[in-house]
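Note: the block below is entry_1.txt and it holds compact mmCIF, C-alpha atoms.
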# COMPACT_ATOMS: atom_id res chain seq x y z
CA MET A 1403 -17.05 -20.48 32.89
CA ALA A 1404 -14.06 -18.29 32.00
CA GLU A 1405 -13.49 -17.55 28.33
CA ARG A 1406 -10.50 -19.39 26.92
CA ALA A 1407 -7.54 -17.07 26.23
CA LYS A 1408 -6.63 -16.53 22.60
CA PRO A 1409 -3.16 -17.44 21.33
CA ARG A 1410 -0.81 -14.45 21.37
CA LEU A 1411 0.78 -12.83 18.32
CA GLY A 1412 3.80 -10.84 19.44
CA VAL A 1413 4.56 -7.97 17.08
CA ALA A 1414 7.72 -5.94 16.58
CA MET A 1415 7.54 -2.84 14.39
CA ILE A 1416 10.63 -1.39 12.74
CA GLY A 1417 10.32 2.33 12.03
CA HIS A 1418 8.01 4.82 13.70
CA ALA A 1419 7.46 7.80 11.37
CA PHE A 1420 4.33 8.33 9.22
CA MET A 1421 3.72 4.67 8.40
CA GLY A 1422 4.74 3.58 11.87
CA ARG A 1423 2.07 5.80 13.35
CA THR A 1424 -0.65 4.42 11.08
CA HIS A 1425 0.40 0.80 11.65
CA SER A 1426 0.50 1.36 15.42
CA HIS A 1427 -3.05 2.70 15.35
CA ALA A 1428 -4.11 -0.35 13.37
CA TRP A 1429 -2.51 -2.83 15.78
CA ARG A 1430 -4.27 -1.07 18.67
CA SER A 1431 -7.70 -0.82 17.08
CA ALA A 1432 -8.02 -4.12 15.15
CA PRO A 1433 -8.57 -6.41 18.18
CA ARG A 1434 -10.91 -3.90 19.80
CA PHE A 1435 -13.35 -3.65 16.91
CA PHE A 1436 -13.00 -7.10 15.31
CA ASP A 1437 -13.14 -10.60 16.76
CA LEU A 1438 -9.69 -11.89 15.89
CA PRO A 1439 -8.53 -15.49 16.32
CA LEU A 1440 -5.17 -14.31 17.70
CA GLU A 1441 -4.45 -11.57 20.24
CA PRO A 1442 -1.88 -9.09 18.87
CA GLU A 1443 0.63 -7.84 21.43
CA MET A 1444 2.63 -4.70 20.60
CA LYS A 1445 5.90 -5.99 22.01
CA VAL A 1446 8.75 -3.92 20.59
CA LEU A 1447 9.26 -0.74 18.60
CA VAL A 1448 12.62 -0.57 16.82
CA GLY A 1449 14.25 2.73 15.89
CA ARG A 1450 17.75 4.03 15.20
CA ASP A 1451 17.68 6.71 17.91
CA GLN A 1452 16.91 5.48 21.44
CA PRO A 1453 15.33 8.67 22.87
CA ARG A 1454 13.16 9.24 19.79
CA ALA A 1455 12.11 5.59 19.75
CA GLU A 1456 11.23 5.74 23.46
CA ALA A 1457 9.10 8.83 22.89
CA ALA A 1458 7.35 7.19 19.95
CA ALA A 1459 6.75 3.95 21.87
CA SER A 1460 5.17 5.89 24.74
CA THR A 1461 2.87 7.76 22.36
CA LEU A 1462 1.99 4.86 20.08
CA GLY A 1463 1.52 2.12 22.68
CA TRP A 1464 4.54 -0.20 22.33
CA ALA A 1465 5.74 -2.05 25.42
CA GLU A 1466 9.49 -1.92 24.75
CA VAL A 1467 12.09 -0.22 22.58
CA SER A 1468 15.15 -1.54 20.76
CA THR A 1469 17.74 -0.09 18.40
CA ASP A 1470 18.84 -3.53 17.14
CA TRP A 1471 16.37 -5.19 14.78
CA GLN A 1472 18.58 -8.27 14.36
CA ALA A 1473 18.39 -8.93 18.11
CA VAL A 1474 14.60 -8.64 18.01
CA LEU A 1475 14.47 -11.49 15.48
CA GLU A 1476 15.95 -13.80 18.12
CA ARG A 1477 13.14 -13.20 20.60
CA GLU A 1478 10.74 -16.09 21.05
CA ASP A 1479 7.92 -13.76 22.13
CA VAL A 1480 8.04 -11.93 18.78
CA HIS A 1481 6.14 -13.73 16.01
CA LEU A 1482 5.66 -10.99 13.39
CA ILE A 1483 7.87 -8.21 12.05
CA ASP A 1484 6.12 -5.10 10.72
CA ILE A 1485 8.51 -3.17 8.44
CA CYS A 1486 7.79 0.57 8.20
CA THR A 1487 11.24 1.76 7.12
CA PRO A 1488 12.42 3.41 3.87
CA GLY A 1489 12.61 1.04 0.91
CA ASP A 1490 16.38 0.53 0.95
CA THR A 1491 16.10 -1.64 4.10
CA HIS A 1492 13.02 -3.71 3.21
CA ALA A 1493 14.81 -6.62 1.55
CA GLU A 1494 17.46 -7.15 4.23
CA ILE A 1495 15.00 -7.04 7.11
CA ALA A 1496 12.29 -9.11 5.42
CA GLU A 1497 14.67 -11.86 4.29
CA ALA A 1498 16.24 -12.14 7.75
CA ALA A 1499 12.85 -12.14 9.48
CA LEU A 1500 11.38 -14.84 7.25
CA ASP A 1501 14.49 -16.99 7.58
CA ALA A 1502 14.15 -16.60 11.37
CA GLY A 1503 10.60 -17.95 11.19
CA LYS A 1504 8.80 -14.63 11.69
CA HIS A 1505 5.73 -13.53 9.76
CA VAL A 1506 6.32 -10.29 7.84
CA LEU A 1507 4.23 -7.26 6.92
CA VAL A 1508 6.18 -4.81 4.74
CA GLU A 1509 5.11 -1.40 3.56
CA LYS A 1510 4.83 -0.69 -0.14
CA PRO A 1511 6.54 -0.57 -2.50
CA MET A 1512 7.87 -3.99 -1.56
CA ALA A 1513 11.48 -3.14 -2.48
CA ASN A 1514 13.67 -0.69 -4.38
CA SER A 1515 14.42 -3.07 -7.25
CA VAL A 1516 13.20 -6.23 -8.93
CA ALA A 1517 16.28 -8.10 -7.71
CA GLU A 1518 15.47 -7.23 -4.09
CA ALA A 1519 11.81 -8.15 -4.55
CA GLU A 1520 12.80 -11.50 -6.09
CA ARG A 1521 14.98 -12.26 -3.07
CA MET A 1522 12.14 -11.38 -0.72
CA HIS A 1523 9.72 -13.57 -2.68
CA ALA A 1524 12.19 -16.45 -2.56
CA ALA A 1525 12.51 -16.03 1.22
CA ALA A 1526 8.72 -16.10 1.56
CA GLN A 1527 8.57 -19.30 -0.47
CA ARG A 1528 11.23 -20.89 1.76
CA ALA A 1529 9.30 -19.91 4.88
CA ARG A 1530 5.84 -20.93 3.68
CA PRO A 1531 6.18 -24.71 4.37
CA GLN A 1532 6.89 -23.83 8.03
CA GLY A 1533 3.61 -21.91 8.29
CA VAL A 1534 5.31 -18.50 8.05
CA HIS A 1535 3.45 -15.84 6.04
CA ALA A 1536 4.29 -12.55 4.32
CA MET A 1537 2.18 -9.64 3.08
CA VAL A 1538 2.76 -6.29 1.35
CA GLY A 1539 0.95 -3.24 2.72
CA PHE A 1540 -1.15 -2.00 -0.19
CA THR A 1541 -3.81 -0.79 2.21
CA TYR A 1542 -6.15 0.82 -0.33
CA ARG A 1543 -7.33 -2.69 -1.15
CA ARG A 1544 -9.08 -2.58 2.24
CA VAL A 1545 -11.19 0.54 1.63
CA PRO A 1546 -14.80 -0.74 1.83
CA ALA A 1547 -15.88 1.07 -1.37
CA LEU A 1548 -13.00 -0.52 -3.29
CA GLN A 1549 -13.73 -3.93 -1.80
CA LEU A 1550 -17.29 -3.44 -3.04
CA ALA A 1551 -15.97 -2.48 -6.48
CA ARG A 1552 -14.01 -5.74 -6.64
CA GLU A 1553 -17.12 -7.70 -5.65
CA LEU A 1554 -19.20 -6.02 -8.36
CA ILE A 1555 -16.57 -6.76 -11.01
CA LEU A 1556 -16.42 -10.41 -9.93
CA GLU A 1557 -20.22 -10.56 -10.12
CA GLY A 1558 -20.05 -9.36 -13.73
CA ARG A 1559 -21.87 -6.10 -13.03
CA ILE A 1560 -19.73 -4.16 -15.51
CA GLY A 1561 -19.10 -7.11 -17.83
CA GLU A 1562 -15.76 -7.59 -19.55
CA VAL A 1563 -13.12 -5.07 -18.45
CA ARG A 1564 -12.29 -2.93 -21.49
CA GLN A 1565 -10.38 0.08 -20.17
CA VAL A 1566 -8.79 1.40 -16.94
CA ARG A 1567 -7.92 5.01 -16.12
CA ALA A 1568 -6.19 5.75 -12.81
CA GLN A 1569 -4.51 8.75 -11.21
CA TYR A 1570 -2.78 9.45 -7.94
CA LEU A 1571 -2.33 13.18 -7.51
CA GLN A 1572 -0.78 15.08 -4.59
CA ASP A 1573 0.67 18.59 -4.22
CA TRP A 1574 3.08 18.37 -1.29
CA LEU A 1575 6.10 18.95 -3.56
CA ALA A 1576 4.52 21.54 -5.85
CA ASP A 1577 6.29 24.32 -3.93
CA ASP A 1578 9.93 24.51 -5.12
CA ALA A 1579 10.99 25.59 -1.61
CA VAL A 1580 10.02 22.30 0.08
CA PRO A 1581 13.35 20.88 1.34
CA LEU A 1582 14.91 17.54 0.51
CA SER A 1583 13.91 14.41 2.37
CA TRP A 1584 14.68 10.69 2.04
CA ARG A 1585 11.71 10.34 -0.33
CA LEU A 1586 13.65 12.44 -2.88
CA ASP A 1587 16.77 10.27 -2.65
CA LYS A 1588 16.84 7.38 -5.13
CA GLU A 1589 19.25 5.35 -2.98
CA ARG A 1590 16.76 5.29 -0.10
CA ALA A 1591 13.37 5.55 -1.83
CA GLY A 1592 14.07 3.66 -5.06
CA SER A 1593 11.91 6.07 -7.06
CA GLY A 1594 9.74 9.12 -6.52
CA ALA A 1595 6.10 9.56 -7.45
CA LEU A 1596 6.25 6.28 -9.37
CA GLY A 1597 7.04 4.04 -6.39
CA ASP A 1598 5.56 6.20 -3.65
CA ILE A 1599 2.06 6.64 -5.07
CA GLY A 1600 2.12 5.12 -8.56
CA ALA A 1601 2.66 1.69 -7.01
CA HIS A 1602 -0.76 2.00 -5.38
CA ILE A 1603 -2.65 2.48 -8.65
CA VAL A 1604 -0.66 -0.31 -10.32
CA ASP A 1605 -1.66 -2.66 -7.49
CA LEU A 1606 -5.23 -1.38 -7.39
CA THR A 1607 -5.67 -1.98 -11.13
CA TYR A 1608 -4.37 -5.52 -10.61
CA PHE A 1609 -6.57 -6.08 -7.56
CA LEU A 1610 -9.81 -4.77 -9.06
CA THR A 1611 -9.52 -6.35 -12.50
CA GLY A 1612 -7.78 -9.56 -11.42
CA GLN A 1613 -5.41 -9.05 -14.36
CA ARG A 1614 -1.67 -8.46 -14.43
CA PHE A 1615 0.09 -5.95 -16.65
CA ALA A 1616 1.52 -7.28 -19.91
CA GLY A 1617 3.45 -4.20 -21.01
CA VAL A 1618 3.84 -0.45 -20.58
CA SER A 1619 5.16 2.74 -22.09
CA GLY A 1620 6.36 5.21 -19.47
CA LEU A 1621 7.45 8.80 -19.10
CA LEU A 1622 9.16 9.89 -15.86
CA ASP A 1623 9.99 13.53 -15.21
CA THR A 1624 11.89 15.34 -12.47
CA ILE A 1625 10.22 18.74 -12.49
CA VAL A 1626 12.37 20.39 -9.81
CA ALA A 1627 15.92 19.04 -10.05
CA GLU A 1628 17.37 20.81 -7.00
CA ARG A 1629 15.96 21.70 -3.59
CA PRO A 1630 17.08 23.22 -0.29
CA VAL A 1631 18.76 20.93 2.22
CA ALA A 1632 16.90 20.90 5.54
CA GLU A 1633 18.97 22.64 8.22
CA GLN A 1634 16.57 21.43 10.89
CA ALA A 1635 15.01 17.97 10.80
CA GLY A 1636 11.27 17.83 10.45
CA ALA A 1637 8.88 16.42 13.04
CA GLY A 1638 5.95 14.24 12.11
CA LEU A 1639 5.16 14.64 8.40
CA SER A 1640 7.24 17.82 7.96
CA ASN A 1641 10.28 17.83 5.67
CA GLY A 1642 11.99 20.20 8.08
CA VAL A 1643 13.22 23.78 7.79
CA ALA A 1644 14.99 24.71 4.56
CA GLY A 1645 18.56 25.99 4.77
CA ALA A 1646 20.71 27.93 2.33
CA GLU A 1647 22.52 24.85 0.96
CA ARG A 1648 20.93 23.04 -1.99
CA GLY A 1649 21.08 19.42 -3.17
CA PRO A 1650 19.91 17.30 -6.11
CA VAL A 1651 16.56 15.54 -6.42
CA THR A 1652 17.40 12.06 -7.73
CA VAL A 1653 13.90 10.65 -8.23
CA ASP A 1654 10.95 11.38 -10.51
CA ASP A 1655 8.32 13.97 -9.57
CA ALA A 1656 5.69 12.70 -12.02
CA ALA A 1657 4.98 9.52 -13.97
CA LEU A 1658 2.76 9.12 -17.05
CA VAL A 1659 2.05 5.58 -18.25
CA THR A 1660 0.09 3.80 -20.93
CA GLY A 1661 -0.16 0.03 -20.76
CA ARG A 1662 -2.11 -3.11 -21.46
CA LEU A 1663 -3.43 -5.80 -19.16
CA GLU A 1664 -2.95 -9.46 -19.99
CA SER A 1665 -6.37 -9.45 -21.71
CA GLY A 1666 -5.22 -6.62 -23.95
CA ALA A 1667 -7.37 -3.99 -22.22
CA PRO A 1668 -5.67 -0.56 -22.31
CA VAL A 1669 -4.64 1.26 -19.14
CA ILE A 1670 -3.72 4.91 -18.52
CA LEU A 1671 -1.93 5.80 -15.27
CA GLU A 1672 -0.71 9.11 -13.87
CA ALA A 1673 1.16 9.76 -10.62
CA SER A 1674 2.21 13.25 -9.60
CA ARG A 1675 3.27 15.08 -6.45
CA PHE A 1676 3.00 18.43 -8.31
CA ALA A 1677 -0.79 18.67 -8.75
CA TRP A 1678 -1.77 21.83 -6.87
CA GLY A 1679 -4.97 21.41 -4.88
CA ARG A 1680 -4.92 17.62 -5.01
CA LYS A 1681 -4.13 16.40 -1.52
CA ASN A 1682 -4.63 12.66 -1.86
CA ALA A 1683 -6.60 12.25 -5.07
CA MET A 1684 -6.27 8.58 -5.85
CA ARG A 1685 -8.84 7.96 -8.58
CA ILE A 1686 -9.69 4.94 -10.67
CA GLU A 1687 -12.35 4.36 -13.32
CA ILE A 1688 -12.92 0.96 -14.88
CA SER A 1689 -15.09 0.71 -17.99
CA GLY A 1690 -16.54 -2.62 -19.05
CA SER A 1691 -18.91 -4.04 -21.63
CA ARG A 1692 -21.95 -3.58 -19.35
CA GLY A 1693 -21.06 -0.49 -17.34
CA ALA A 1694 -18.41 1.28 -15.30
CA LEU A 1695 -17.15 1.93 -11.77
CA CYS A 1696 -15.51 5.13 -10.55
CA PHE A 1697 -13.78 5.94 -7.24
CA ASP A 1698 -11.90 8.93 -5.78
CA PHE A 1699 -10.16 8.57 -2.41
CA GLU A 1700 -10.89 12.19 -1.54
CA GLU A 1701 -14.49 10.93 -1.26
CA MET A 1702 -13.45 7.54 0.03
CA ASN A 1703 -16.81 6.28 1.30
CA VAL A 1704 -18.43 6.61 -2.12
CA LEU A 1705 -18.39 4.34 -5.18
CA HIS A 1706 -20.05 5.38 -8.45
CA HIS A 1707 -21.60 2.67 -10.65
CA TYR A 1708 -22.92 3.11 -14.19
CA ASP A 1709 -25.24 0.39 -15.49
CA ALA A 1710 -25.12 0.49 -19.30
CA THR A 1711 -27.91 -2.10 -19.57
CA THR A 1712 -30.58 0.37 -18.39
CA SER A 1713 -32.57 2.72 -20.60
CA ALA A 1714 -30.62 5.71 -21.90
CA ARG A 1715 -33.59 7.82 -20.84
CA THR A 1716 -32.74 7.36 -17.15
CA ALA A 1717 -29.16 6.08 -17.24
CA GLY A 1718 -26.47 7.74 -15.16
CA PHE A 1719 -23.90 7.03 -12.49
CA THR A 1720 -25.41 5.80 -9.23
CA ARG A 1721 -23.74 7.13 -6.10
CA ILE A 1722 -23.28 4.30 -3.60
CA LEU A 1723 -22.46 5.32 -0.02
CA ALA A 1724 -20.47 2.27 1.12
CA THR A 1725 -21.26 2.57 4.83
CA GLU A 1726 -24.00 -0.05 5.22
CA PRO A 1727 -23.52 -3.04 7.53
CA ASP A 1728 -23.40 -5.43 4.56
CA HIS A 1729 -20.54 -3.54 2.93
CA PRO A 1730 -17.07 -5.05 3.52
CA PHE A 1731 -15.68 -4.45 7.06
CA VAL A 1732 -18.32 -1.81 7.89
CA ASP A 1733 -20.42 -3.85 10.33
CA ALA A 1734 -17.63 -3.57 12.94
CA TRP A 1735 -17.70 0.23 12.96
CA TRP A 1736 -20.37 2.93 13.03
CA PRO A 1737 -24.06 3.32 12.07
CA PRO A 1738 -24.85 3.76 8.34
CA GLY A 1739 -23.70 7.09 6.93
CA HIS A 1740 -21.01 7.62 9.56
CA GLY A 1741 -18.00 7.54 7.24
CA LEU A 1742 -14.71 5.78 7.69
CA GLY A 1743 -11.29 7.42 7.24
CA TYR A 1744 -7.76 6.82 6.00
CA GLU A 1745 -6.72 4.91 9.12
CA HIS A 1746 -9.44 2.27 8.76
CA GLY A 1747 -7.76 0.65 5.75
CA PHE A 1748 -4.75 -0.11 7.92
CA THR A 1749 -6.95 -1.65 10.60
CA HIS A 1750 -8.67 -3.84 8.00
CA GLN A 1751 -5.24 -4.88 6.72
CA ILE A 1752 -4.31 -6.15 10.19
CA VAL A 1753 -7.64 -7.96 10.49
CA ASP A 1754 -7.10 -9.84 7.24
CA LEU A 1755 -3.45 -10.57 8.04
CA VAL A 1756 -4.15 -11.96 11.53
CA ARG A 1757 -7.03 -14.11 10.26
CA ALA A 1758 -4.87 -15.50 7.44
CA ILE A 1759 -2.03 -16.36 9.82
CA ALA A 1760 -4.44 -18.11 12.20
CA ALA A 1761 -5.92 -20.12 9.32
CA ASP A 1762 -2.46 -20.87 7.87
CA GLU A 1763 -3.54 -19.22 4.62
CA ASP A 1764 -1.51 -16.95 2.35
CA PRO A 1765 -2.51 -13.31 2.97
CA ARG A 1766 -2.98 -10.96 0.01
CA PRO A 1767 -1.33 -8.96 -1.39
CA SER A 1768 1.38 -11.60 -1.18
CA PHE A 1769 5.07 -11.15 -1.94
CA GLU A 1770 4.25 -12.63 -5.35
CA ASP A 1771 1.74 -9.79 -5.86
CA GLY A 1772 4.31 -7.27 -4.66
CA LEU A 1773 6.90 -8.70 -7.04
CA HIS A 1774 4.53 -8.19 -9.97
CA VAL A 1775 4.04 -4.53 -9.01
CA GLN A 1776 7.82 -4.14 -8.74
CA ARG A 1777 8.25 -5.59 -12.23
CA VAL A 1778 5.70 -3.13 -13.59
CA LEU A 1779 7.51 -0.21 -11.95
CA ASP A 1780 10.78 -1.48 -13.39
CA ALA A 1781 9.30 -1.77 -16.89
CA ILE A 1782 7.98 1.81 -16.65
CA THR A 1783 11.42 3.04 -15.60
CA ARG A 1784 13.17 1.17 -18.41
CA SER A 1785 10.65 2.46 -20.94
CA SER A 1786 11.16 6.05 -19.83
CA GLY A 1787 14.92 5.64 -20.21
CA ALA A 1788 14.46 4.29 -23.74
CA ALA A 1789 12.47 7.21 -25.18
CA ASN A 1790 9.15 5.76 -23.95
CA GLN A 1791 9.61 2.53 -25.88
CA TRP A 1792 6.95 -0.14 -25.35
CA THR A 1793 8.36 -2.48 -22.72
CA ALA A 1794 7.05 -5.90 -21.77
CA VAL A 1795 6.62 -6.62 -18.08
CA HIS A 1796 9.25 -9.27 -17.37
CA GLU A 1797 6.94 -12.18 -16.55
CA PHE A 1798 5.13 -11.71 -19.89
CA GLU A 1799 8.24 -11.60 -22.08
CA ARG A 1800 8.43 -14.38 -24.64
CA SER A 1801 11.62 -15.84 -26.09
Represent the supplied structure as structure tokens.
Amino acid sequence: MAERAKPRLGVAMIGHAFMGRTHSHAWRSAPRFFDLPLEPEMKVLVGRDQPRAEAAASTLGWAEVSTDWQAVLEREDVHLIDICTPGDTHAEIAEAALDAGKHVLVEKPMANSVAEAERMHAAAQRARPQGVHAMVGFTYRRVPALQLARELILEGRIGEVRQVRAQYLQDWLADDAVPLSWRLDKERAGSGALGDIGAHIVDLTYFLTGQRFAGVSGLLDTIVAERPVAEQAGAGLSNGVAGAERGPVTVDDAALVTGRLESGAPVILEASRFAWGRKNAMRIEISGSRGALCFDFEEMNVLHHYDATTSARTAGFTRILATEPDHPFVDAWWPPGHGLGYEHGFTHQIVDLVRAIAADEDPRPSFEDGLHVQRVLDAITRSSGAANQWTAVHEFERS
């Protein structure tokens, strides 16, 4: 007896640079390694330049190409819009897609401002009664070791959360000669290190502790205020070839933040793209009343757990290699000890999104979650502009 065909989920992806490549890999691999209730179909890749989009579609596995995202929203064979564009276009595309009855996956940060994020959240709420769903792409939530950390916190293994320390350190801008790109333009990117990588540790703190931010004090700094303009566009992840002309950097290069969660627990955050030798060092340590958890993405398959209830004579951090079949997501992949990589978080994101859509459940992180992160970023920015004044996150302000 022939197996019954699964319902199809037609996908259109807008944008095909760094994030487009990772999302494409995820759409290809998710149904091949996981038993999904819907069959994703990579229908259309949308880009501004037809020849470049055609080349990307051929490489990444998309069936068709378009340069008109509005027209794609009218297609009945497209059910989900995957937004991998710079932040200045997120709100317009997401609102239109949701109003057209399409599910939406949007890369982080959700928007370039609180106002845009609020509009996107409102659109998601309008679409929800029709069974239309929206999710923000904070993919680090899907790293198995971090999923395990969340499980251990929920189980009470570290007790009451008492302090969080998190960093996201990179060095790709540490060289003053690196030319300008859209990520250094406030109009397109919204912010610099704060929104690009700081958003991840804000969301991860929220995800792991289950607590929102109540208030923050922030310091933003633009370390190199002027850079060469690229005379030749870059390919792949390159910023291009620097020319003689120079232009302004209009975003922050580093962000330093102190804050409190809604329980009152203190938080320290640091995001920098000027940390020589740190390639993708996203680190978080959560200390509780009964122990602690520590994670560094540069050793992404490992979680460290300290059990403070054991004898001091033998106490110490236990190194957990999160590659066993009973660790989150791992049973679909390789034998124990065969580590996963950066791309697997994106695959797991697609798995959770497709399963939520099929079950008519709200996927996480939702647009409400993304809006909270946007409000935290906004509070940090306002604090920095007010001589680091303590600033309440909007949803916790009291009249």
Any chance you could tabulate, as a tab-separated table, the residues of segment 1693-1753 of chain A at most 12 Å from segment 1537-1550 of chain A with each one's nearest atom pair and distance in Å to one decimal, using all atoms listed in the file, in chain and rising number order?
residue	atom	partner	partner_atom	distance
A:Leu1695	CA	A:Leu1548	CA	9.8
A:Cys1696	CA	A:Leu1548	CA	9.5
A:Phe1697	CA	A:Leu1548	CA	7.6
A:Asp1698	CA	A:Leu1548	CA	9.8
A:Phe1699	CA	A:Tyr1542	CA	9.0
A:Glu1701	CA	A:Ala1547	CA	10.0
A:Met1702	CA	A:Ala1547	CA	7.1
A:Asn1703	CA	A:Ala1547	CA	5.9
A:Val1704	CA	A:Ala1547	CA	6.1
A:Leu1705	CA	A:Ala1547	CA	5.6
A:His1706	CA	A:Ala1547	CA	9.3
A:His1707	CA	A:Leu1550	CA	10.7
A:Arg1721	CA	A:Ala1547	CA	11.0
A:Ile1722	CA	A:Ala1547	CA	8.4
A:Leu1723	CA	A:Ala1547	CA	7.9
A:Ala1724	CA	A:Ala1547	CA	5.4
A:Thr1725	CA	A:Pro1546	CA	7.9
A:Glu1726	CA	A:Pro1546	CA	9.8
A:Pro1727	CA	A:Pro1546	CA	10.7
A:Asp1728	CA	A:Leu1550	CA	10.0
A:His1729	CA	A:Pro1546	CA	6.5
A:Pro1730	CA	A:Pro1546	CA	5.2
A:Phe1731	CA	A:Pro1546	CA	6.5
A:Val1732	CA	A:Pro1546	CA	7.1
A:Asp1733	CA	A:Pro1546	CA	10.7
A:Ala1734	CA	A:Pro1546	CA	11.8
A:Trp1735	CA	A:Pro1546	CA	11.5
A:Gly1741	CA	A:Pro1546	CA	10.4
A:Leu1742	CA	A:Val1545	CA	8.8
A:Gly1743	CA	A:Val1545	CA	8.9
A:Tyr1744	CA	A:Val1545	CA	8.4
A:Glu1745	CA	A:Thr1541	CA	9.4
A:His1746	CA	A:Val1545	CA	7.5
A:Gly1747	CA	A:Arg1544	CA	4.9
A:Phe1748	CA	A:Thr1541	CA	5.8
A:Thr1749	CA	A:Arg1544	CA	8.7
A:His1750	CA	A:Arg1544	CA	5.9
A:Gln1751	CA	A:Thr1541	CA	6.3
A:Ile1752	CA	A:Gly1539	CA	9.6
A:Val1753	CA	A:Arg1544	CA	10.0
Adding 6 Å on each side of the box along x, y and z that holds all listed atoms of segment 1705-1708 of chain A, could you give its centre and edge lengths in Å to one decimal, as JSON?
{"center_x": -20.7, "center_y": 4.0, "center_z": -9.7, "size_x": 16.5, "size_y": 14.7, "size_z": 21.0}
**Q.** Gap from atom CA of Arg1530 of chain A to atom CA of Pro1767 of chain A - Å, one decimal
**A.**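 Separation of atom CA of Arg1530 of chain A and atom CA of Pro1767 of chain A: 14.8 Å.
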Q: Tell me which protein, DNA and RNA residues are within 8 Å of segment 1664-1675 of chain A, counting all atoms listed in the file, leaving out same-chain ones fewer than 2 positions away, and put them as number ranges by chain.
A: A: 1563-1576, 1595-1596, 1599-1600, 1603-1604, 1613-1616, 1655-1662, 1677
Q: Please work out which residues fall within 7 Å of (2.0, -3.3, 22.5), coordinates as given in the file, with only C-alpha atoms counting, and return them as a PyMOL selection string.
A: chain A and resi 1443-1445+1463-1465
For the residues in the current selection, export C-alpha atoms as an mmCIF file, in the coordinates of the input.
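Everything below was put into out_13.cif:
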data_model
loop_
_atom_site.group_PDB
_atom_site.id
_atom_site.type_symbol
_atom_site.label_atom_id
_atom_site.label_comp_id
_atom_site.auth_asym_id
_atom_site.auth_seq_id
_atom_site.Cartn_x
_atom_site.Cartn_y
_atom_site.Cartn_z
ATOM 1 C CA GLU A 1443 0.630 -7.840 21.430
ATOM 2 C CA MET A 1444 2.630 -4.700 20.600
ATOM 3 C CA LYS A 1445 5.900 -5.990 22.010
ATOM 4 C CA GLY A 1463 1.520 2.120 22.680
ATOM 5 C CA TRP A 1464 4.540 -0.200 22.330
ATOM 6 C CA ALA A 1465 5.740 -2.050 25.420
#
Q.
Could you tell me how far atom CA of Asn1682 of chain A sits from atom CA of His1418 of chain A, in Å to one decimal place?
A.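 Distance between the two atoms: 21.5 Å.
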Q: Neighbourhood query: residues within 10 Å of (5.8, -12.9, 12.5), file coordinates, counting all atoms listed in the file; return as a list in words.
A: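 Checking each residue against the 10 Å limit leaves Leu1411, Gly1412, Val1413, Ala1414, Leu1475, Asp1479, Val1480, His1481, Leu1482, Ile1483, Asp1484, Ala1499, Leu1500, Ala1502, Gly1503, Lys1504, His1505, Val1506, Leu1507, Val1534, His1535, Ala1536 and Ile1759 of chain A.
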If you keep C-alpha atoms, can you produce a file of those selected residues as a compact mmCIF listing (two decimals), in the coordinates of the input?
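Writing done, so here's selection_22.txt:
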# COMPACT_ATOMS: atom_id res chain seq x y z
CA LEU A 1411 0.78 -12.83 18.32
CA GLY A 1412 3.80 -10.84 19.44
CA VAL A 1413 4.56 -7.97 17.08
CA ALA A 1414 7.72 -5.94 16.58
CA LEU A 1475 14.47 -11.49 15.48
CA ASP A 1479 7.92 -13.76 22.13
CA VAL A 1480 8.04 -11.93 18.78
CA HIS A 1481 6.14 -13.73 16.01
CA LEU A 1482 5.66 -10.99 13.39
CA ILE A 1483 7.87 -8.21 12.05
CA ASP A 1484 6.12 -5.10 10.72
CA ALA A 1499 12.85 -12.14 9.48
CA LEU A 1500 11.38 -14.84 7.25
CA ALA A 1502 14.15 -16.60 11.37
CA GLY A 1503 10.60 -17.95 11.19
CA LYS A 1504 8.80 -14.63 11.69
CA HIS A 1505 5.73 -13.53 9.76
CA VAL A 1506 6.32 -10.29 7.84
CA LEU A 1507 4.23 -7.26 6.92
CA VAL A 1534 5.31 -18.50 8.05
CA HIS A 1535 3.45 -15.84 6.04
CA ALA A 1536 4.29 -12.55 4.32
CA ILE A 1759 -2.03 -16.36 9.82
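Proximity to Met1512 of chain A at 9 Å, evaluated using all atoms listed in the file and with sequence-adjacent residues fewer than 5 positions away removed, yields Gly1489, His1492, Ala1493, Glu1518, Ala1519, Met1522, Val1538, Gly1539, Phe1769, Gly1772, Leu1773, Val1775 and Gln1776 of chain A.
Of the listed residues (A:Ala1694, A:Ile1560, A:Ala1591, A:Leu1621), A:Ala1694 comes nearest to Gly1718 of chain A; the distances count all atoms listed in the file.
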(Q) Between atom CA of Thr1469 of chain A and atom CA of Arg1450 of chain A, what distance in Å does the model show, to one decimal? (A)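 Atom CA of Arg1450 of chain A lies 5.2 Å from atom CA of Thr1469 of chain A.
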Q) If you count only C-alpha atoms, which residues fall within 7 Å of Ile1782 of chain A, apart from same-chain ones fewer than 2 positions away, as a PyMOL selection string? A) chain A and resi 1618-1620+1778-1780+1784-1786
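Shortest atom-to-atom contact with Glu1466 of chain A among A:Ser1593, A:Gln1452, A:Asn1790, A:Thr1624: A:Gln1452, counting only C-alpha atoms.
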Q) Hey, what's within 6 Å of Ile1416 of chain A if we count only C-alpha atoms and toss same-chain stuff fewer than 2 positions away? As a VMD selection string, please? A) chain A and resid 1448 1485 to 1486
Q: Write out as a list of chain:residue names which residues come within 8 Å of Asp1598 of chain A when counting only C-alpha atoms, dropping same-chain ones fewer than 4 positions away.
A: A:Lys1510, A:Pro1511, A:Ser1593, A:Gly1594, A:His1602
